Amino acid sequence: MRDYSGQKDIMENIKEYMKGVGQAARAASRIMAQADTALKNRALTHIAAALQNQSAQLLAANAKDVAAARANGLDEASIDRLTLTDKTVHAMADGLLQIAQLPDLIGSISDLNFRPSGIQVGKMRVPLGVIGIIYESRPNVTADAAGLCLKSGNAAILRGGSEAIHSNQAIAACVHAGLAAAGLPETAVQVVATTDRAAVGELITMNEYVDVIVPRGGKSLIARITDEATVPVIKHLDGICHVYIDDEADIDKAIRIADNAKTHRYGVCNAMETLLVSMSVAAKVLPPLCKIYLDKGVELRGDAASCALIPEMTLATIEDWSTEYLAPILSVKIVAGLDEAIDHISIYSSQHTDSIVTENYTRAMRFLREVDSSSVMVNASTRFADGFEYGLGAEIGISTDKIHARGPVGLEGLTSQKYIVLGSGQIRV
């Protein structure tokens, strides 16, 4: 296959370049599907070691991207998602080692039962094949996606945002070094080498080579992929996450949770964007909680009842309830109780993550049953909606779809099942 590693060749012929990437990925996917657990784990371990050993180079590459992003006027939330630190590099490596420790699902057989004919029918877990991942800002996705696709026996084509091109290429070099050290094809994980948007258009329509697309990014990216893709898509829509403080909540617990859900990090999809508070405890909860927010520089936008309690709060508009701020801005609404809270969430939630704080078991169980989101929580910060925190090692995204994969997409979400039949000479009569 012709070498398109040079940027000039890529720019001259995106279509031919992407076809080559797709062909290489399809060939690598067959090898990955056959790779045994020890081989895949060896590659993950080598990649983790390369990330740790190349930490200084990764941070230097990332510094170039961050400097360019600031010069180009990228917003602070996006810069936060773009920035790597020693801690995040260590977390990437640790995530890969956790993936290595997870059970290998590929080839596992379940639900094996005898039928009256004498045949046994069951299901075998298998890779999806070639996964195309399109993402913005977050360079850690390059390592997470590579690790999850590798362990689940898939090949990956990764197309990061132009703002993270140096970071993604540096991480890709570590991934390729780890794959080579384990004797697996480097083309099992390919990072698209061009920032030309035409490459995305090719990737999402290469049905012959790509089995599923996973987009991670803003509304405009998701809308484009959804509208133009001919390859099946696992969607990650925006994170309009809620915390509802019930009138039977432990007040101290509620304040800690609501503070963390909003201020732990602002530019992430599992940060709380709307706080709902039961009317009967609003006067106890909101003054101390809003003081914390205001001291941390959070802009507060509330309904009339909330504004009456908190003078520094401005009146929210109808658009605020359906806005993912990804910034130090919070919408606040006082509700009559659980029924109104669930009704509000059903209208405005993006079905990402919603949480209730209550000591009432019956209300907690009702919230879990009736709130239709990919993650629903009781007495916990929405910030826990994360593949790493869920024990998945890492995640390829958080699906707000209802078919195939929902919530943080880890190893199982990157696999499918096929029926298997075991016979001993049976024929159908």
# chains A, B, ... in the order shown; residues from 1 in each chain; ligands from 1
>>> select_by_dssp(residues="stretch 220-306 of chain A", states="alpha helix (DSSP H)", output="VMD selection string")
chain A and resid 220 to 228 251 to 263 282 to 295 304 to 306
>>> select_by_dssp(residues="stretch 9-138 of chain A", states="strand (DSSP E)", output="PyMOL selection string")
chain A and resi 109-114+120-127+130-135
>>> write_last_selection(atoms="C-alpha atoms", output="PDB file, in the first residue's frame")
ATOM      1  CA  ILE A 109     -20.196 -17.983  25.434  1.00  0.00           C
ATOM      2  CA  SER A 110     -23.431 -17.334  27.315  1.00  0.00           C
ATOM      3  CA  ASP A 111     -27.029 -18.581  27.428  1.00  0.00           C
ATOM      4  CA  LEU A 112     -26.122 -22.019  26.063  1.00  0.00           C
ATOM      5  CA  ASN A 113     -29.221 -24.216  26.168  1.00  0.00           C
ATOM      6  CA  PHE A 114     -30.414 -27.475  24.636  1.00  0.00           C
ATOM      7  CA  GLN A 120     -27.408 -26.320  21.754  1.00  0.00           C
ATOM      8  CA  VAL A 121     -27.992 -22.640  21.077  1.00  0.00           C
ATOM      9  CA  GLY A 122     -25.994 -19.870  22.725  1.00  0.00           C
ATOM     10  CA  LYS A 123     -24.332 -16.514  22.132  1.00  0.00           C
ATOM     11  CA  MET A 124     -20.654 -15.654  21.653  1.00  0.00           C
ATOM     12  CA  ARG A 125     -19.206 -12.202  22.365  1.00  0.00           C
ATOM     13  CA  VAL A 126     -17.359 -10.816  19.308  1.00  0.00           C
ATOM     14  CA  PRO A 127     -15.679  -7.518  18.299  1.00  0.00           C
ATOM     15  CA  VAL A 130     -13.412  -1.265  12.826  1.00  0.00           C
ATOM     16  CA  ILE A 131     -14.467   1.648  15.019  1.00  0.00           C
ATOM     17  CA  GLY A 132     -14.140   5.236  13.847  1.00  0.00           C
ATOM     18  CA  ILE A 133     -13.910   7.769  16.670  1.00  0.00           C
ATOM     19  CA  ILE A 134     -14.245  11.506  16.006  1.00  0.00           C
ATOM     20  CA  TYR A 135     -13.545  13.784  18.931  1.00  0.00           C
TER      21      TYR A 135
END
>>> closest_atom_pairs(of="stretch 41-110 of chain A", to="stretch 167-176 of chain A", cutoff="8 Å", atoms="only C-alpha atoms", output="JSON lines")
{"residue": "A:Ile47", "atom": "CA", "partner": "A:Val175", "partner_atom": "CA", "distance": 5.2}
{"residue": "A:Ala50", "atom": "CA", "partner": "A:Cys174", "partner_atom": "CA", "distance": 5.3}
{"residue": "A:Leu51", "atom": "CA", "partner": "A:Cys174", "partner_atom": "CA", "distance": 6.0}
{"residue": "A:Gln54", "atom": "CA", "partner": "A:Cys174", "partner_atom": "CA", "distance": 7.7}
{"residue": "A:Gln57", "atom": "CA", "partner": "A:Ala170", "partner_atom": "CA", "distance": 7.5}
{"residue": "A:Leu58", "atom": "CA", "partner": "A:Ala170", "partner_atom": "CA", "distance": 5.9}
{"residue": "A:Leu59", "atom": "CA", "partner": "A:Ser167", "partner_atom": "CA", "distance": 7.8}
{"residue": "A:Ala61", "atom": "CA", "partner": "A:Ser167", "partner_atom": "CA", "distance": 5.2}
{"residue": "A:Asn62", "atom": "CA", "partner": "A:Ser167", "partner_atom": "CA", "distance": 4.8}
{"residue": "A:Asp65", "atom": "CA", "partner": "A:Ser167", "partner_atom": "CA", "distance": 7.0}
>>> write_last_selection(atoms="all heavy atoms", output="PDB file, in the first residue's frame")
ATOM      1  N   ILE A  47       2.090   0.123  26.049  1.00  0.00           N
ATOM      2  CA  ILE A  47       1.612   1.477  25.746  1.00  0.00           C
ATOM      3  C   ILE A  47       1.622   2.330  27.005  1.00  0.00           C
ATOM      4  O   ILE A  47       2.054   3.493  26.979  1.00  0.00           O
ATOM      5  CB  ILE A  47       0.191   1.429  25.140  1.00  0.00           C
ATOM      6  CG1 ILE A  47       0.194   0.702  23.801  1.00  0.00           C
ATOM      7  CG2 ILE A  47      -0.349   2.858  24.953  1.00  0.00           C
ATOM      8  CD1 ILE A  47      -1.188   0.400  23.255  1.00  0.00           C
ATOM      9  N   ALA A  50       5.096   3.355  27.742  1.00  0.00           N
ATOM     10  CA  ALA A  50       5.565   4.381  26.798  1.00  0.00           C
ATOM     11  C   ALA A  50       5.005   5.751  27.175  1.00  0.00           C
ATOM     12  O   ALA A  50       5.715   6.762  27.098  1.00  0.00           O
ATOM     13  CB  ALA A  50       5.148   4.002  25.378  1.00  0.00           C
ATOM     14  N   LEU A  51       3.745   5.808  27.586  1.00  0.00           N
ATOM     15  CA  LEU A  51       3.156   7.081  28.006  1.00  0.00           C
ATOM     16  C   LEU A  51       3.909   7.663  29.200  1.00  0.00           C
ATOM     17  O   LEU A  51       4.197   8.864  29.250  1.00  0.00           O
ATOM     18  CB  LEU A  51       1.681   6.894  28.353  1.00  0.00           C
ATOM     19  CG  LEU A  51       0.723   6.625  27.186  1.00  0.00           C
ATOM     20  CD1 LEU A  51      -0.655   6.248  27.710  1.00  0.00           C
ATOM     21  CD2 LEU A  51       0.625   7.838  26.277  1.00  0.00           C
ATOM     22  N   GLN A  54       7.456   8.735  28.137  1.00  0.00           N
ATOM     23  CA  GLN A  54       7.464   9.879  27.222  1.00  0.00           C
ATOM     24  C   GLN A  54       6.654  11.054  27.762  1.00  0.00           C
ATOM     25  O   GLN A  54       6.240  11.931  26.996  1.00  0.00           O
ATOM     26  CB  GLN A  54       6.900   9.452  25.863  1.00  0.00           C
ATOM     27  CG  GLN A  54       7.687   8.362  25.160  1.00  0.00           C
ATOM     28  CD  GLN A  54       9.082   8.834  24.794  1.00  0.00           C
ATOM     29  OE1 GLN A  54       9.246   9.928  24.259  1.00  0.00           O
ATOM     30  NE2 GLN A  54      10.092   8.013  25.066  1.00  0.00           N
ATOM     31  N   GLN A  57       7.771  14.567  26.750  1.00  0.00           N
ATOM     32  CA  GLN A  57       7.514  14.855  25.343  1.00  0.00           C
ATOM     33  C   GLN A  57       6.026  15.093  25.092  1.00  0.00           C
ATOM     34  O   GLN A  57       5.657  15.961  24.292  1.00  0.00           O
ATOM     35  CB  GLN A  57       8.016  13.695  24.469  1.00  0.00           C
ATOM     36  CG  GLN A  57       9.533  13.560  24.428  1.00  0.00           C
ATOM     37  CD  GLN A  57      10.086  12.661  25.530  1.00  0.00           C
ATOM     38  OE1 GLN A  57       9.537  12.606  26.628  1.00  0.00           O
ATOM     39  NE2 GLN A  57      11.171  11.969  25.220  1.00  0.00           N
ATOM     40  N   LEU A  58       5.177  14.328  25.786  1.00  0.00           N
ATOM     41  CA  LEU A  58       3.737  14.512  25.631  1.00  0.00           C
ATOM     42  C   LEU A  58       3.315  15.899  26.108  1.00  0.00           C
ATOM     43  O   LEU A  58       2.522  16.591  25.444  1.00  0.00           O
ATOM     44  CB  LEU A  58       2.971  13.440  26.417  1.00  0.00           C
ATOM     45  CG  LEU A  58       3.092  11.995  25.940  1.00  0.00           C
ATOM     46  CD1 LEU A  58       2.306  11.075  26.854  1.00  0.00           C
ATOM     47  CD2 LEU A  58       2.612  11.853  24.517  1.00  0.00           C
ATOM     48  N   LEU A  59       3.840  16.309  27.251  1.00  0.00           N
ATOM     49  CA  LEU A  59       3.480  17.618  27.799  1.00  0.00           C
ATOM     50  C   LEU A  59       4.018  18.746  26.919  1.00  0.00           C
ATOM     51  O   LEU A  59       3.366  19.788  26.766  1.00  0.00           O
ATOM     52  CB  LEU A  59       4.003  17.754  29.227  1.00  0.00           C
ATOM     53  CG  LEU A  59       3.375  16.799  30.263  1.00  0.00           C
ATOM     54  CD1 LEU A  59       3.976  17.032  31.637  1.00  0.00           C
ATOM     55  CD2 LEU A  59       1.863  16.968  30.315  1.00  0.00           C
ATOM     56  N   ALA A  61       4.436  18.564  23.616  1.00  0.00           N
ATOM     57  CA  ALA A  61       3.553  18.604  22.447  1.00  0.00           C
ATOM     58  C   ALA A  61       2.228  19.260  22.803  1.00  0.00           C
ATOM     59  O   ALA A  61       1.688  20.068  22.032  1.00  0.00           O
ATOM     60  CB  ALA A  61       3.329  17.187  21.923  1.00  0.00           C
ATOM     61  N   ASN A  62       1.713  18.920  23.988  1.00  0.00           N
ATOM     62  CA  ASN A  62       0.449  19.501  24.432  1.00  0.00           C
ATOM     63  C   ASN A  62       0.569  21.006  24.646  1.00  0.00           C
ATOM     64  O   ASN A  62      -0.370  21.765  24.346  1.00  0.00           O
ATOM     65  CB  ASN A  62      -0.012  18.812  25.716  1.00  0.00           C
ATOM     66  CG  ASN A  62      -1.349  19.325  26.213  1.00  0.00           C
ATOM     67  OD1 ASN A  62      -1.436  19.958  27.267  1.00  0.00           O
ATOM     68  ND2 ASN A  62      -2.406  19.065  25.474  1.00  0.00           N
ATOM     69  N   ASP A  65      -0.133  22.826  21.533  1.00  0.00           N
ATOM     70  CA  ASP A  65      -1.558  22.893  21.217  1.00  0.00           C
ATOM     71  C   ASP A  65      -2.273  23.921  22.086  1.00  0.00           C
ATOM     72  O   ASP A  65      -3.119  24.685  21.596  1.00  0.00           O
ATOM     73  CB  ASP A  65      -2.208  21.516  21.424  1.00  0.00           C
ATOM     74  CG  ASP A  65      -1.780  20.498  20.374  1.00  0.00           C
ATOM     75  OD1 ASP A  65      -1.495  20.923  19.234  1.00  0.00           O
ATOM     76  OD2 ASP A  65      -1.726  19.304  20.704  1.00  0.00           O
TER      77      ASP A  65
END
>>> residues_around(residues="A:Cys307", least_positions_apart="5", cutoff="10 Å", atoms="only C-alpha atoms", output="list of chain:residue names")
A:Leu300, A:Arg301, A:Gly302, A:Glu312, A:Met313, A:Thr314, A:Leu315, A:Ala316, A:Val332, A:Lys333, A:Ile334
>>> write_last_selection(atoms="N, CA, C and O atoms", output="compact mmCIF listing (two decimals), in the first residue's frame")
# COMPACT_ATOMS: atom_id res chain seq x y z
N LEU A 300 -24.97 32.57 38.89
CA LEU A 300 -26.21 31.89 39.23
C LEU A 300 -27.39 32.49 38.49
O LEU A 300 -27.58 33.71 38.48
N ARG A 301 -28.19 31.62 37.87
CA ARG A 301 -29.39 32.04 37.17
C ARG A 301 -30.56 31.20 37.70
O ARG A 301 -30.52 29.97 37.60
N GLY A 302 -31.55 31.85 38.27
CA GLY A 302 -32.61 31.09 38.91
C GLY A 302 -34.00 31.54 38.55
O GLY A 302 -34.21 32.59 37.92
N GLU A 312 -27.98 37.89 44.70
CA GLU A 312 -26.95 37.95 43.66
C GLU A 312 -27.35 37.14 42.41
O GLU A 312 -26.65 37.21 41.38
N MET A 313 -28.42 36.41 42.48
CA MET A 313 -28.84 35.56 41.37
C MET A 313 -29.63 36.37 40.35
O MET A 313 -30.42 37.24 40.71
N THR A 314 -29.40 36.11 39.06
CA THR A 314 -30.17 36.76 38.00
C THR A 314 -31.29 35.84 37.54
O THR A 314 -31.20 34.61 37.69
N LEU A 315 -32.32 36.40 36.96
CA LEU A 315 -33.49 35.62 36.56
C LEU A 315 -33.15 34.77 35.33
O LEU A 315 -32.64 35.27 34.32
N ALA A 316 -33.44 33.49 35.44
CA ALA A 316 -33.17 32.56 34.35
C ALA A 316 -34.19 32.76 33.23
O ALA A 316 -35.33 33.16 33.46
N VAL A 332 -30.78 27.40 38.62
CA VAL A 332 -31.35 26.95 39.89
C VAL A 332 -32.86 27.11 39.84
O VAL A 332 -33.36 28.17 39.42
N LYS A 333 -33.58 26.08 40.28
CA LYS A 333 -35.04 26.16 40.30
C LYS A 333 -35.57 25.51 41.57
O LYS A 333 -35.15 24.42 41.95
N ILE A 334 -36.49 26.20 42.22
CA ILE A 334 -37.20 25.64 43.38
C ILE A 334 -38.45 24.94 42.87
O ILE A 334 -39.23 25.53 42.10
>>> closest_atom_pairs(of="stretch 8-90 of chain A", to="stretch 203-209 of chain A", cutoff="12 Å", atoms="only C-alpha atoms", output="JSON lines")
{"residue": "A:Ile14", "atom": "CA", "partner": "A:Leu203", "partner_atom": "CA", "distance": 10.3}
{"residue": "A:Lys15", "atom": "CA", "partner": "A:Leu203", "partner_atom": "CA", "distance": 9.2}
{"residue": "A:Glu16", "atom": "CA", "partner": "A:Leu203", "partner_atom": "CA", "distance": 11.5}
{"residue": "A:Tyr17", "atom": "CA", "partner": "A:Leu203", "partner_atom": "CA", "distance": 10.6}
{"residue": "A:Met18", "atom": "CA", "partner": "A:Leu203", "partner_atom": "CA", "distance": 6.9}
{"residue": "A:Lys19", "atom": "CA", "partner": "A:Met206", "partner_atom": "CA", "distance": 7.9}
{"residue": "A:Gly20", "atom": "CA", "partner": "A:Tyr209", "partner_atom": "CA", "distance": 9.9}
{"residue": "A:Val21", "atom": "CA", "partner": "A:Tyr209", "partner_atom": "CA", "distance": 8.9}
{"residue": "A:Gly22", "atom": "CA", "partner": "A:Tyr209", "partner_atom": "CA", "distance": 5.1}
{"residue": "A:Gln23", "atom": "CA", "partner": "A:Tyr209", "partner_atom": "CA", "distance": 6.3}
{"residue": "A:Ala24", "atom": "CA", "partner": "A:Tyr209", "partner_atom": "CA", "distance": 8.9}
{"residue": "A:Ala25", "atom": "CA", "partner": "A:Tyr209", "partner_atom": "CA", "distance": 7.3}
{"residue": "A:Arg26", "atom": "CA", "partner": "A:Tyr209", "partner_atom": "CA", "distance": 5.7}
{"residue": "A:Ala27", "atom": "CA", "partner": "A:Tyr209", "partner_atom": "CA", "distance": 9.2}
{"residue": "A:Ala28", "atom": "CA", "partner": "A:Tyr209", "partner_atom": "CA", "distance": 11.0}
{"residue": "A:Ser29", "atom": "CA", "partner": "A:Tyr209", "partner_atom": "CA", "distance": 9.9}
{"residue": "A:Arg30", "atom": "CA", "partner": "A:Tyr209", "partner_atom": "CA", "distance": 11.8}
>>> closest_residue(among="A:Ala182, A:Val335, A:Cys290, A:Leu411", to="A:Ala35", atoms="only C-alpha atoms")
A:Ala182
>>> closest_atom_pairs(of="stretch 147-191 of chain A", to="stretch 97-108 of chain A", cutoff="12 Å", atoms="only C-alpha atoms", output="Markdown table")
| residue | atom | partner | partner_atom | distance |
| --- | --- | --- | --- | --- |
| A:Gly147 | CA | A:Ile99 | CA | 7.0 |
| A:Leu148 | CA | A:Ile99 | CA | 7.0 |
| A:Cys149 | CA | A:Ile99 | CA | 10.3 |
| A:Leu150 | CA | A:Ile99 | CA | 9.6 |
| A:Lys151 | CA | A:Asp104 | CA | 7.1 |
| A:Ser152 | CA | A:Ile106 | CA | 6.6 |
| A:Gly153 | CA | A:Ile106 | CA | 7.1 |
| A:Asn154 | CA | A:Ile106 | CA | 10.2 |
>>> atom_distance(atom1="atom CA of A:Gln190", atom2="atom CA of A:Ala155")
8.4 Å
>>> closest_atom_pairs(of="stretch 218-332 of chain A", to="stretch 381-402 of chain A", cutoff="9 Å", atoms="only C-alpha atoms", output="Markdown table")
| residue | atom | partner | partner_atom | distance |
| --- | --- | --- | --- | --- |
| A:Ile234 | CA | A:Ser399 | CA | 6.4 |
| A:Lys235 | CA | A:Ser399 | CA | 5.6 |
| A:His236 | CA | A:Ser399 | CA | 4.7 |
| A:Leu237 | CA | A:Thr400 | CA | 6.2 |
| A:Asp238 | CA | A:Thr400 | CA | 8.7 |
| A:Cys241 | CA | A:Thr382 | CA | 7.3 |
| A:His242 | CA | A:Thr382 | CA | 7.9 |
| A:Val243 | CA | A:Thr382 | CA | 7.6 |
| A:Arg256 | CA | A:Ser381 | CA | 8.6 |
| A:Ile257 | CA | A:Ser381 | CA | 5.1 |
| A:Ala258 | CA | A:Ser381 | CA | 6.9 |
| A:Asp259 | CA | A:Ser381 | CA | 8.7 |
| A:Asn260 | CA | A:Ser381 | CA | 6.4 |
| A:Ala261 | CA | A:Ser381 | CA | 5.0 |
| A:Lys262 | CA | A:Arg383 | CA | 8.4 |
| A:His264 | CA | A:Arg383 | CA | 7.8 |
| A:Arg265 | CA | A:Arg383 | CA | 8.5 |
| A:Val268 | CA | A:Arg383 | CA | 8.6 |
| A:Cys269 | CA | A:Arg383 | CA | 8.7 |
| A:Asn270 | CA | A:Arg383 | CA | 5.2 |
| A:Ala271 | CA | A:Arg383 | CA | 5.9 |
| A:Met272 | CA | A:Thr382 | CA | 6.5 |
>>> closest_residue(among="A:Val200, A:Ala180, A:Leu276, A:Ala33", to="A:Ser331", atoms="only C-alpha atoms")
A:Leu276
>>> closest_residue(among="A:Gly178, A:Gly407, A:Pro328, A:Gly201", to="A:Asp227", atoms="only C-alpha atoms")
A:Gly201
>>> atom_distance(atom1="atom CA of A:Thr415", atom2="atom CA of A:Gly129")
8.5 Å
>>> atom_distance(atom1="atom CA of A:Asp211", atom2="atom CA of A:Glu228")
15.3 Å
>>> closest_residue(among="A:Ile240, A:Ala364, A:Ile222, A:Val409", to="A:Ile345", atoms="only C-alpha atoms")
A:Ile240
>>> closest_residue(among="A:Thr142, A:Gly423, A:Ser322, A:Val429", to="A:Ile119", atoms="only C-alpha atoms")
A:Gly423
>>> residues_around(residues="A:Leu82", least_positions_apart="4", cutoff="12 Å", atoms="only C-alpha atoms", output="VMD selection string")
chain A and resid 59 61 to 70 74 to 78 88 135 to 142 160 to 168 267 to 268
>>> closest_residue(among="A:Gln351, A:His90, A:Leu289, A:Leu128", to="A:Gln417", atoms="only C-alpha atoms")
A:Leu128
>>> decode(residues="stretch 254-278 of chain A", atoms="N, CA and C atoms", output="short mmCIF file (atom, residue, chain, number, x, y, z; two decimals), in the first residue's frame")
data_model
loop_
_atom_site.label_atom_id
_atom_site.label_comp_id
_atom_site.auth_asym_id
_atom_site.auth_seq_id
_atom_site.Cartn_x
_atom_site.Cartn_y
_atom_site.Cartn_z
N ALA A 254 -26.21 17.10 50.98
CA ALA A 254 -26.71 17.73 49.76
C ALA A 254 -25.79 18.86 49.30
N ILE A 255 -25.32 19.66 50.25
CA ILE A 255 -24.43 20.77 49.89
C ILE A 255 -23.12 20.25 49.31
N ARG A 256 -22.55 19.22 49.93
CA ARG A 256 -21.30 18.65 49.42
C ARG A 256 -21.48 18.11 48.00
N ILE A 257 -22.57 17.39 47.79
CA ILE A 257 -22.80 16.77 46.48
C ILE A 257 -23.03 17.84 45.42
N ALA A 258 -23.90 18.81 45.72
CA ALA A 258 -24.22 19.84 44.73
C ALA A 258 -23.02 20.73 44.42
N ASP A 259 -22.19 20.98 45.41
CA ASP A 259 -20.96 21.74 45.19
C ASP A 259 -20.04 20.97 44.26
N ASN A 260 -19.79 19.71 44.57
CA ASN A 260 -18.88 18.90 43.76
C ASN A 260 -19.40 18.71 42.34
N ALA A 261 -20.70 18.47 42.21
CA ALA A 261 -21.28 18.21 40.90
C ALA A 261 -21.07 19.38 39.94
N LYS A 262 -21.04 20.60 40.50
CA LYS A 262 -20.86 21.76 39.64
C LYS A 262 -19.41 22.23 39.55
N THR A 263 -18.72 22.29 40.67
CA THR A 263 -17.44 23.02 40.68
C THR A 263 -16.20 22.14 40.61
N HIS A 264 -16.36 20.81 40.66
CA HIS A 264 -15.18 19.95 40.57
C HIS A 264 -14.44 20.19 39.26
N ARG A 265 -15.20 20.23 38.16
CA ARG A 265 -14.70 20.68 36.86
C ARG A 265 -15.89 21.23 36.09
N TYR A 266 -15.66 22.32 35.40
CA TYR A 266 -16.77 22.97 34.70
C TYR A 266 -16.96 22.47 33.27
N GLY A 267 -15.87 22.19 32.57
CA GLY A 267 -15.96 21.92 31.15
C GLY A 267 -16.12 20.46 30.79
N VAL A 268 -16.89 19.72 31.59
CA VAL A 268 -17.06 18.29 31.36
C VAL A 268 -18.55 17.97 31.25
N CYS A 269 -18.85 16.90 30.53
CA CYS A 269 -20.25 16.60 30.23
C CYS A 269 -21.04 16.10 31.43
N ASN A 270 -20.36 15.63 32.48
CA ASN A 270 -21.09 15.13 33.65
C ASN A 270 -21.16 16.15 34.79
N ALA A 271 -20.84 17.41 34.49
CA ALA A 271 -21.02 18.47 35.48
C ALA A 271 -22.49 18.86 35.55
N MET A 272 -22.98 19.13 36.75
CA MET A 272 -24.35 19.59 36.91
C MET A 272 -24.54 20.94 36.24
N GLU A 273 -25.64 21.07 35.48
CA GLU A 273 -25.98 22.35 34.87
C GLU A 273 -27.23 22.97 35.48
N THR A 274 -28.09 22.15 36.09
CA THR A 274 -29.30 22.67 36.74
C THR A 274 -29.47 22.03 38.10
N LEU A 275 -29.66 22.86 39.11
CA LEU A 275 -29.93 22.42 40.48
C LEU A 275 -31.41 22.60 40.76
N LEU A 276 -32.07 21.54 41.19
CA LEU A 276 -33.47 21.58 41.59
C LEU A 276 -33.54 21.38 43.10
N VAL A 277 -34.30 22.22 43.78
CA VAL A 277 -34.39 22.15 45.24
C VAL A 277 -35.85 22.14 45.66
N SER A 278 -36.18 21.22 46.56
CA SER A 278 -37.54 21.15 47.08
C SER A 278 -37.87 22.42 47.87
#
